[in-house]
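A.B. asks: I have a structure I would like to understand better, so I am pasting it below and will then ask my questions one at a time.
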Amino acid sequence: MIMKSIKAVIFDLDGTLLDTEALSDTAVILGFGESLPIDVKERLGGRLPWELKKQILGLRGSEWVPIVQTYGEEHWGVAEGKAPSLGEFWDSWESNLNDLCPNVKACPGAHELVQLLAKSNIPMAIATSSRKAAVDIKRQKHDLMFQHMKEIVTGDDPNVKNGKPAPDIFIEAARRLGYDPSECIVFEDSMSGVQSGKAAGCVAVAVPDPRMSKSVFEPIADMVLDDLWTFDGTAWGLSCSMKEHLRN
């Protein structure tokens with residue numbers, strides 16, 4: 001049974017199409033500079049603790065930097081006022097991430113799903129909290145995927161007044177594709193992203209970080225996947241089944 005006819009697809013980027021999250025963690029830690037004690041850096045090993053990571057997934061820098069700074073002061077011994085300012089931290093994080101990202105890999109099934117949707121002539125867009133300059137670097141070795149994106153809406157787009165979980169970015173992406181948000185399906189790895197997609201009126205498919213329980217997403221997402229390889233769009237009238245693709 002077709003639940004709702006979908007005419008377009010909108011993807012989040014980081015953690016959904018591109019596996020940038022581990023690199024982002026390292027860039028966050030480097031963003032503290034000398035204000036973060038050396039023993040803490042060694043203990044973290046380049047990864048943020050999940051209790052912090054889950055709070056900032058999907059947010060824009062202006063929203064997640066204060067959360068990280070407060071966490072550093074409360075848990076890592078960063079002296080209050082010693083960490084870089086919000087703007088300095090955000091710029092440092094982005095610069096560090098840009099240095100790490102030219103070789104970023106695609107998430108499992110991302111290239112294949114985009115190619116499958118393209119063969120079915122399904123219009124696609126990206127809606128990401130990342131700034132445009134960062135996206136330009138991340139996409140360098142993924143032209144086969146990005147060439148199928150009709151629109152890319154970034155977090156610093158002037159038409160996106162409020163970041164996720166507000167609906168602005170998905171409403172804007174749907175508008176640029178020429179469809180009502182209710183005719184679009186959104187793929188997201190974060191809770192704030194799923195909330196954003198649902199608030200916009202889209203169908204929302206969650207592809208959460210393996211460390212996050214899928215049960216957290218089930219009350220709000222229309223579908224929860226282990227990864228993009230398990231997507232089946234036939235329920236929404238899309239001739240797109242990754243299972244059938246694998247068989248062929």
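How things are named: the first chain in the structure tokens is A, the next is B, and so on; residues count from 1 in each chain; ligands count from 1 in the order shown.
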Name the residues of stretch 5-164 of chain A that fall into helix (DSSP H, G or I) according to DSSP on the backbone, using the chain letters and numbers of this document, as JSON, numbers by chain.

C.D. replies: {"A": [21, 22, 23, 24, 25, 26, 27, 28, 29, 30, 31, 33, 34, 35, 38, 39, 40, 41, 42, 43, 44, 50, 51, 52, 53, 54, 55, 56, 61, 62, 63, 64, 65, 66, 67, 68, 69, 70, 71, 72, 73, 74, 75, 86, 87, 88, 89, 90, 91, 92, 93, 94, 95, 96, 97, 98, 99, 100, 101, 102, 103, 110, 111, 112, 113, 114, 115, 116, 117, 118, 119, 132, 133, 134, 135, 136, 137, 138, 143, 144, 145, 146]}

A.B. asks: Quick one: residues within 10 Å of A:Val216, only C-alpha atoms counted, chain neighbours fewer than 6 positions away excluded, as an NGL selection string?

C.D. replies: :A and (191 or 208 or 224)

A.B. asks: Which residues of stretch 137-220 of chain A have any atom within 6 Å of an atom in stretch 124-129 of chain A when counting only C-alpha atoms, and what is the closest pair of atoms for each, with the distance in Å to one decimal? Order the rows by chain and rising number and write it as JSON lines.

C.D. replies:
{"residue": "A:Met149", "atom": "CA", "partner": "A:Ala125", "partner_atom": "CA", "distance": 4.9}
{"residue": "A:Lys150", "atom": "CA", "partner": "A:Ala125", "partner_atom": "CA", "distance": 5.6}
{"residue": "A:Glu151", "atom": "CA", "partner": "A:Ala125", "partner_atom": "CA", "distance": 4.7}
{"residue": "A:Ile152", "atom": "CA", "partner": "A:Ile126", "partner_atom": "CA", "distance": 4.7}
{"residue": "A:Val153", "atom": "CA", "partner": "A:Ala127", "partner_atom": "CA", "distance": 4.8}
{"residue": "A:Thr154", "atom": "CA", "partner": "A:Thr128", "partner_atom": "CA", "distance": 5.0}
{"residue": "A:Gly155", "atom": "CA", "partner": "A:Ser129", "partner_atom": "CA", "distance": 4.1}

A.B. asks: With the cut-off set at 12 Å and counting only C-alpha atoms, tabulate each residue of stretch 95-178 of chain A with an atom at most that distance from an atom of stretch 61-83 of chain A, showing the nearest atom pair and its distance in Å to one decimal, ordered by chain and increasing number, as JSON lines.

C.D. replies:
{"residue": "A:Thr128", "atom": "CA", "partner": "A:Gly61", "partner_atom": "CA", "distance": 11.8}
{"residue": "A:Ser129", "atom": "CA", "partner": "A:Gly61", "partner_atom": "CA", "distance": 8.2}
{"residue": "A:Ser130", "atom": "CA", "partner": "A:Gly61", "partner_atom": "CA", "distance": 8.2}
{"residue": "A:Arg131", "atom": "CA", "partner": "A:Gly61", "partner_atom": "CA", "distance": 9.2}
{"residue": "A:Gly155", "atom": "CA", "partner": "A:Gly61", "partner_atom": "CA", "distance": 9.1}
{"residue": "A:Asp156", "atom": "CA", "partner": "A:Gly61", "partner_atom": "CA", "distance": 10.1}
{"residue": "A:Asn162", "atom": "CA", "partner": "A:Glu63", "partner_atom": "CA", "distance": 10.3}
{"residue": "A:Gly163", "atom": "CA", "partner": "A:Glu63", "partner_atom": "CA", "distance": 8.3}
{"residue": "A:Lys164", "atom": "CA", "partner": "A:Glu63", "partner_atom": "CA", "distance": 9.6}
{"residue": "A:Pro165", "atom": "CA", "partner": "A:Glu63", "partner_atom": "CA", "distance": 10.9}

A.B. asks: Please produce a file of those selected residues containing all heavy atoms, as an mmCIF file, in the first residue's frame.

C.D. replies:
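Written file, again23.cif:
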data_model
loop_
_atom_site.group_PDB
_atom_site.id
_atom_site.type_symbol
_atom_site.label_atom_id
_atom_site.label_comp_id
_atom_site.auth_asym_id
_atom_site.auth_seq_id
_atom_site.Cartn_x
_atom_site.Cartn_y
_atom_site.Cartn_z
ATOM 1 N N THR A 128 21.965 20.986 4.381
ATOM 2 C CA THR A 128 22.983 20.734 5.395
ATOM 3 C C THR A 128 23.237 21.948 6.269
ATOM 4 O O THR A 128 23.222 23.090 5.789
ATOM 5 C CB THR A 128 24.311 20.301 4.738
ATOM 6 O OG1 THR A 128 25.334 20.217 5.734
ATOM 7 C CG2 THR A 128 24.752 21.282 3.661
ATOM 8 N N SER A 129 23.504 21.703 7.540
ATOM 9 C CA SER A 129 23.853 22.789 8.460
ATOM 10 C C SER A 129 25.252 23.336 8.199
ATOM 11 O O SER A 129 25.599 24.420 8.690
ATOM 12 C CB SER A 129 23.755 22.297 9.914
ATOM 13 O OG SER A 129 22.433 21.934 10.243
ATOM 14 N N SER A 130 26.055 22.606 7.442
ATOM 15 C CA SER A 130 27.412 23.078 7.114
ATOM 16 C C SER A 130 27.355 24.334 6.247
ATOM 17 O O SER A 130 26.408 24.535 5.486
ATOM 18 C CB SER A 130 28.182 21.994 6.362
ATOM 19 O OG SER A 130 28.461 20.901 7.179
ATOM 20 N N ARG A 131 28.402 25.153 6.372
ATOM 21 C CA ARG A 131 28.481 26.342 5.531
ATOM 22 C C ARG A 131 28.959 25.959 4.126
ATOM 23 O O ARG A 131 29.583 24.923 3.926
ATOM 24 C CB ARG A 131 29.404 27.370 6.179
ATOM 25 C CG ARG A 131 28.837 27.897 7.485
ATOM 26 C CD ARG A 131 29.581 29.092 8.034
ATOM 27 N NE ARG A 131 30.788 28.752 8.759
ATOM 28 C CZ ARG A 131 31.405 29.588 9.609
ATOM 29 N NH1 ARG A 131 30.898 30.779 9.852
ATOM 30 N NH2 ARG A 131 32.525 29.213 10.217
ATOM 31 N N GLY A 155 23.807 25.843 5.611
ATOM 32 C CA GLY A 155 23.409 26.493 6.849
ATOM 33 C C GLY A 155 23.588 27.997 6.850
ATOM 34 O O GLY A 155 22.929 28.696 7.623
ATOM 35 N N ASP A 156 24.480 28.511 5.992
ATOM 36 C CA ASP A 156 24.688 29.957 5.934
ATOM 37 C C ASP A 156 23.915 30.609 4.788
ATOM 38 O O ASP A 156 24.147 31.778 4.457
ATOM 39 C CB ASP A 156 26.180 30.288 5.827
ATOM 40 C CG ASP A 156 26.856 29.623 4.632
ATOM 41 O OD1 ASP A 156 26.226 28.765 3.981
ATOM 42 O OD2 ASP A 156 28.024 29.951 4.365
ATOM 43 N N ASN A 162 16.640 30.107 10.547
ATOM 44 C CA ASN A 162 16.797 29.306 11.757
ATOM 45 C C ASN A 162 17.313 27.919 11.398
ATOM 46 O O ASN A 162 16.855 27.303 10.436
ATOM 47 C CB ASN A 162 15.467 29.171 12.498
ATOM 48 C CG ASN A 162 14.872 30.526 12.861
ATOM 49 O OD1 ASN A 162 15.408 31.236 13.693
ATOM 50 N ND2 ASN A 162 13.769 30.886 12.208
ATOM 51 N N GLY A 163 18.274 27.424 12.195
ATOM 52 C CA GLY A 163 18.844 26.104 11.943
ATOM 53 C C GLY A 163 17.945 24.981 12.436
ATOM 54 O O GLY A 163 16.939 25.208 13.119
ATOM 55 N N LYS A 164 18.314 23.753 12.067
ATOM 56 C CA LYS A 164 17.597 22.576 12.554
ATOM 57 C C LYS A 164 17.624 22.581 14.087
ATOM 58 O O LYS A 164 18.628 22.991 14.670
ATOM 59 C CB LYS A 164 18.265 21.295 12.034
ATOM 60 C CG LYS A 164 18.368 21.214 10.517
ATOM 61 C CD LYS A 164 19.216 20.021 10.073
ATOM 62 C CE LYS A 164 19.426 20.014 8.573
ATOM 63 N NZ LYS A 164 20.274 18.894 8.120
ATOM 64 N N PRO A 165 16.529 22.250 14.772
ATOM 65 C CA PRO A 165 15.330 21.539 14.322
ATOM 66 C C PRO A 165 14.219 22.398 13.734
ATOM 67 O O PRO A 165 13.126 21.876 13.478
ATOM 68 C CB PRO A 165 14.854 20.860 15.614
ATOM 69 C CG PRO A 165 15.250 21.801 16.687
ATOM 70 C CD PRO A 165 16.578 22.370 16.244
#

A.B. asks: Excluding A:Asp14 and any residue of its chain fewer than 3 positions from it, enumerate the residues within 10 Å of it, using only C-alpha atoms, and give them as a list in words.

C.D. replies: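 Answer for this query is Phe11, Leu17, Leu18, Asp19, Thr20, Glu21, Ser24, Leu57, Gly58, Ala106, Cys107, Ala127, Thr128, Ser129, Ser130, Val135, Lys138, Glu188, Asp189 and Ser190 of chain A.
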
A.B. asks: Could you write those residues out with N, CA and C atoms, as a compact mmCIF listing (two decimals), in the first residue's frame?

C.D. replies:
# COMPACT_ATOMS: atom_id res chain seq x y z
N PHE A 11 18.46 15.14 1.08
CA PHE A 11 19.41 14.48 1.96
C PHE A 11 20.10 15.49 2.88
N LEU A 17 25.09 11.27 4.00
CA LEU A 17 25.73 10.95 2.72
C LEU A 17 27.24 10.80 2.86
N LEU A 18 27.85 11.66 3.67
CA LEU A 18 29.31 11.60 3.86
C LEU A 18 29.64 11.30 5.32
N ASP A 19 30.62 10.42 5.51
CA ASP A 19 30.99 9.96 6.85
C ASP A 19 31.98 10.93 7.49
N THR A 20 31.48 12.12 7.83
CA THR A 20 32.34 13.16 8.36
C THR A 20 32.37 13.22 9.89
N GLU A 21 31.53 12.44 10.57
CA GLU A 21 31.35 12.65 12.00
C GLU A 21 32.61 12.40 12.82
N SER A 24 34.80 15.31 12.27
CA SER A 24 34.26 16.47 12.97
C SER A 24 34.63 16.45 14.45
N LEU A 57 24.56 16.89 17.28
CA LEU A 57 24.35 16.38 15.93
C LEU A 57 23.31 17.22 15.19
N GLY A 58 23.66 17.66 14.00
CA GLY A 58 22.71 18.37 13.14
C GLY A 58 22.60 19.85 13.37
N ALA A 106 32.14 8.20 1.57
CA ALA A 106 30.68 8.19 1.57
C ALA A 106 30.17 7.22 2.62
N CYS A 107 28.99 7.50 3.16
CA CYS A 107 28.36 6.57 4.09
C CYS A 107 27.90 5.32 3.33
N ALA A 127 20.32 19.38 2.06
CA ALA A 127 20.02 20.42 3.03
C ALA A 127 20.92 20.18 4.24
N THR A 128 21.96 20.99 4.38
CA THR A 128 22.98 20.73 5.39
C THR A 128 23.24 21.95 6.27
N SER A 129 23.50 21.70 7.54
CA SER A 129 23.85 22.79 8.46
C SER A 129 25.25 23.34 8.20
N SER A 130 26.05 22.61 7.44
CA SER A 130 27.41 23.08 7.11
C SER A 130 27.36 24.33 6.25
N VAL A 135 31.16 22.71 2.42
CA VAL A 135 30.55 21.74 1.50
C VAL A 135 31.39 21.64 0.22
N LYS A 138 34.18 19.24 1.00
CA LYS A 138 33.74 17.86 1.25
C LYS A 138 33.33 17.14 -0.03
N GLU A 188 17.92 11.73 7.24
CA GLU A 188 18.65 12.41 8.31
C GLU A 188 19.25 11.41 9.29
N ASP A 189 20.42 11.79 9.85
CA ASP A 189 21.03 10.93 10.87
C ASP A 189 20.83 11.47 12.28
N SER A 190 20.38 12.72 12.42
CA SER A 190 20.26 13.33 13.74
C SER A 190 18.81 13.55 14.13

A.B. asks: Between A:Arg47, A:Thr16, A:Val160, A:Ala8, which has the minimum distance to A:Leu225 (counting only C-alpha atoms)?

C.D. replies: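 Looking only at the distances to A:Leu225, the closest residue turns out to be A:Thr16.
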
A.B. asks: From the list A:Tyr179, A:Trp90, A:Phe32, A:Phe170, which residue is nearest A:Ala204 when using only C-alpha atoms?

C.D. replies: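 Looking at the shortest contact to A:Ala204, the residue is A:Phe170.
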
A.B. asks: Skipping near chain neighbours, those fewer than 4 positions away, what residues fall within 10 Å of A:Asp222 using only C-alpha atoms, listed as a list in words?

C.D. replies: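 So the residues in contact are Ile185, Val186, Val194, Lys198, Cys202, Val203, Ala204, Val205, Ala206, Phe217 and Glu218 of chain A.
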
A.B. asks: Residues as selected, N, CA and C atoms, written as a CSV table (one decimal), in the first residue's frame, can you do that?

C.D. replies:
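Saved the output as result.csv:
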chain,number,residue,atom,x,y,z
A,185,ILE,N,10.7,13.5,0.6
A,185,ILE,CA,11.2,12.6,1.7
A,185,ILE,C,12.6,13.0,2.1
A,186,VAL,N,12.8,13.1,3.4
A,186,VAL,CA,14.1,13.6,4.0
A,186,VAL,C,14.9,12.4,4.6
A,194,VAL,N,15.7,15.1,11.9
A,194,VAL,CA,14.4,14.5,11.7
A,194,VAL,C,13.3,15.4,12.2
A,198,LYS,N,10.2,16.8,9.8
A,198,LYS,CA,8.8,16.6,10.1
A,198,LYS,C,8.1,18.0,10.3
A,202,CYS,N,7.6,17.2,5.7
A,202,CYS,CA,8.2,16.1,4.9
A,202,CYS,C,8.0,14.8,5.5
A,203,VAL,N,8.1,13.7,4.7
A,203,VAL,CA,8.3,12.4,5.2
A,203,VAL,C,9.8,12.3,5.7
A,204,ALA,N,10.0,11.7,6.9
A,204,ALA,CA,11.4,11.7,7.4
A,204,ALA,C,11.8,10.3,7.6
A,205,VAL,N,13.0,10.0,7.1
A,205,VAL,CA,13.7,8.7,7.2
A,205,VAL,C,14.9,8.9,8.1
A,206,ALA,N,15.0,8.3,9.2
A,206,ALA,CA,16.2,8.4,10.1
A,206,ALA,C,17.2,7.3,9.8
A,217,PHE,N,14.1,7.4,17.8
A,217,PHE,CA,13.6,8.0,16.6
A,217,PHE,C,12.2,7.5,16.2
A,218,GLU,N,11.8,6.3,16.6
A,218,GLU,CA,10.6,5.6,16.2
A,218,GLU,C,9.3,6.4,16.4

A.B. asks: Tell me which of A:Ser85, A:Asn159, A:Ser92, A:Gln55 sits closest to A:Leu30, counting only C-alpha atoms.

C.D. replies: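 For A:Leu30, the nearest of the given residues is A:Ser92.
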
A.B. asks: Find, counting only C-alpha atoms, the residue in A:Ala200, A:Ala221, A:Cys184, A:Ala134 that gets nearest to A:Lys4.

C.D. replies: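 Ranked by minimum distance to A:Lys4, first place goes to A:Cys184.
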
A.B. asks: Report the residues of stretch 30-144 of chain A whose backbone DSSP state falls under strand (DSSP E or B), written as a list in words.

C.D. replies: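 Matching residues for strand (DSSP E or B) in stretch 30-144 of chain A are Ala106, Met124, Ala125, Ile126 and Ala127 of chain A.
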
A.B. asks: Can you spit out the residues from that selection as a PDB file, in the first residue's frame, using N, CA, C and O atoms?

C.D. replies:
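The result, written out as part-v4.pdb:
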ATOM      1  N   ALA A 106      32.136   8.197   1.572  1.00  0.00           N
ATOM      2  CA  ALA A 106      30.677   8.191   1.574  1.00  0.00           C
ATOM      3  C   ALA A 106      30.166   7.218   2.624  1.00  0.00           C
ATOM      4  O   ALA A 106      30.834   6.230   2.964  1.00  0.00           O
ATOM      5  N   MET A 124      16.622  15.486  -6.602  1.00  0.00           N
ATOM      6  CA  MET A 124      17.274  15.411  -5.294  1.00  0.00           C
ATOM      7  C   MET A 124      17.928  16.728  -4.915  1.00  0.00           C
ATOM      8  O   MET A 124      18.355  17.496  -5.776  1.00  0.00           O
ATOM      9  N   ALA A 125      18.016  16.946  -3.605  1.00  0.00           N
ATOM     10  CA  ALA A 125      18.693  18.124  -3.069  1.00  0.00           C
ATOM     11  C   ALA A 125      19.413  17.735  -1.787  1.00  0.00           C
ATOM     12  O   ALA A 125      19.146  16.677  -1.200  1.00  0.00           O
ATOM     13  N   ILE A 126      20.327  18.589  -1.357  1.00  0.00           N
ATOM     14  CA  ILE A 126      21.002  18.442  -0.068  1.00  0.00           C
ATOM     15  C   ILE A 126      20.612  19.635   0.797  1.00  0.00           C
ATOM     16  O   ILE A 126      20.576  20.777   0.321  1.00  0.00           O
ATOM     17  N   ALA A 127      20.316  19.376   2.056  1.00  0.00           N
ATOM     18  CA  ALA A 127      20.023  20.425   3.032  1.00  0.00           C
ATOM     19  C   ALA A 127      20.916  20.179   4.238  1.00  0.00           C
ATOM     20  O   ALA A 127      20.681  19.251   5.012  1.00  0.00           O
TER      21      ALA A 127
END

A.B. asks: So how far away is atom CA of A:Ala110 from atom CA of A:Leu44, in Å?

C.D. replies: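 Computing it gives 28.8 Å between the two atoms.
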
A.B. asks: Which of these residues is nearest to A:Ile6, using only C-alpha atoms: A:Ile122, A:Val40, A:Met242, A:Ile56?

C.D. replies: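 The answer is A:Ile122, which sits nearest to A:Ile6.
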
A.B. asks: What does the distance between atom CA of A:Asp157 and atom CA of A:Leu97 come to in Å, to one decimal place?

C.D. replies: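 Computing it gives 19.8 Å between the two atoms.
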
A.B. asks: As an exercise, work out the distance from atom CA of A:Asp39 to atom CA of A:Pro102 in Å and give it to one decimal place.

C.D. replies: 28.9 Å

A.B. asks: Which residue gives the smallest distance to A:Pro49 among A:Pro167, A:Arg211, A:Lys141, A:Glu183, with only C-alpha atoms counted?

C.D. replies: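 Comparing A:Pro167, A:Arg211, A:Lys141, A:Glu183 against A:Pro49, the winner is A:Arg211.
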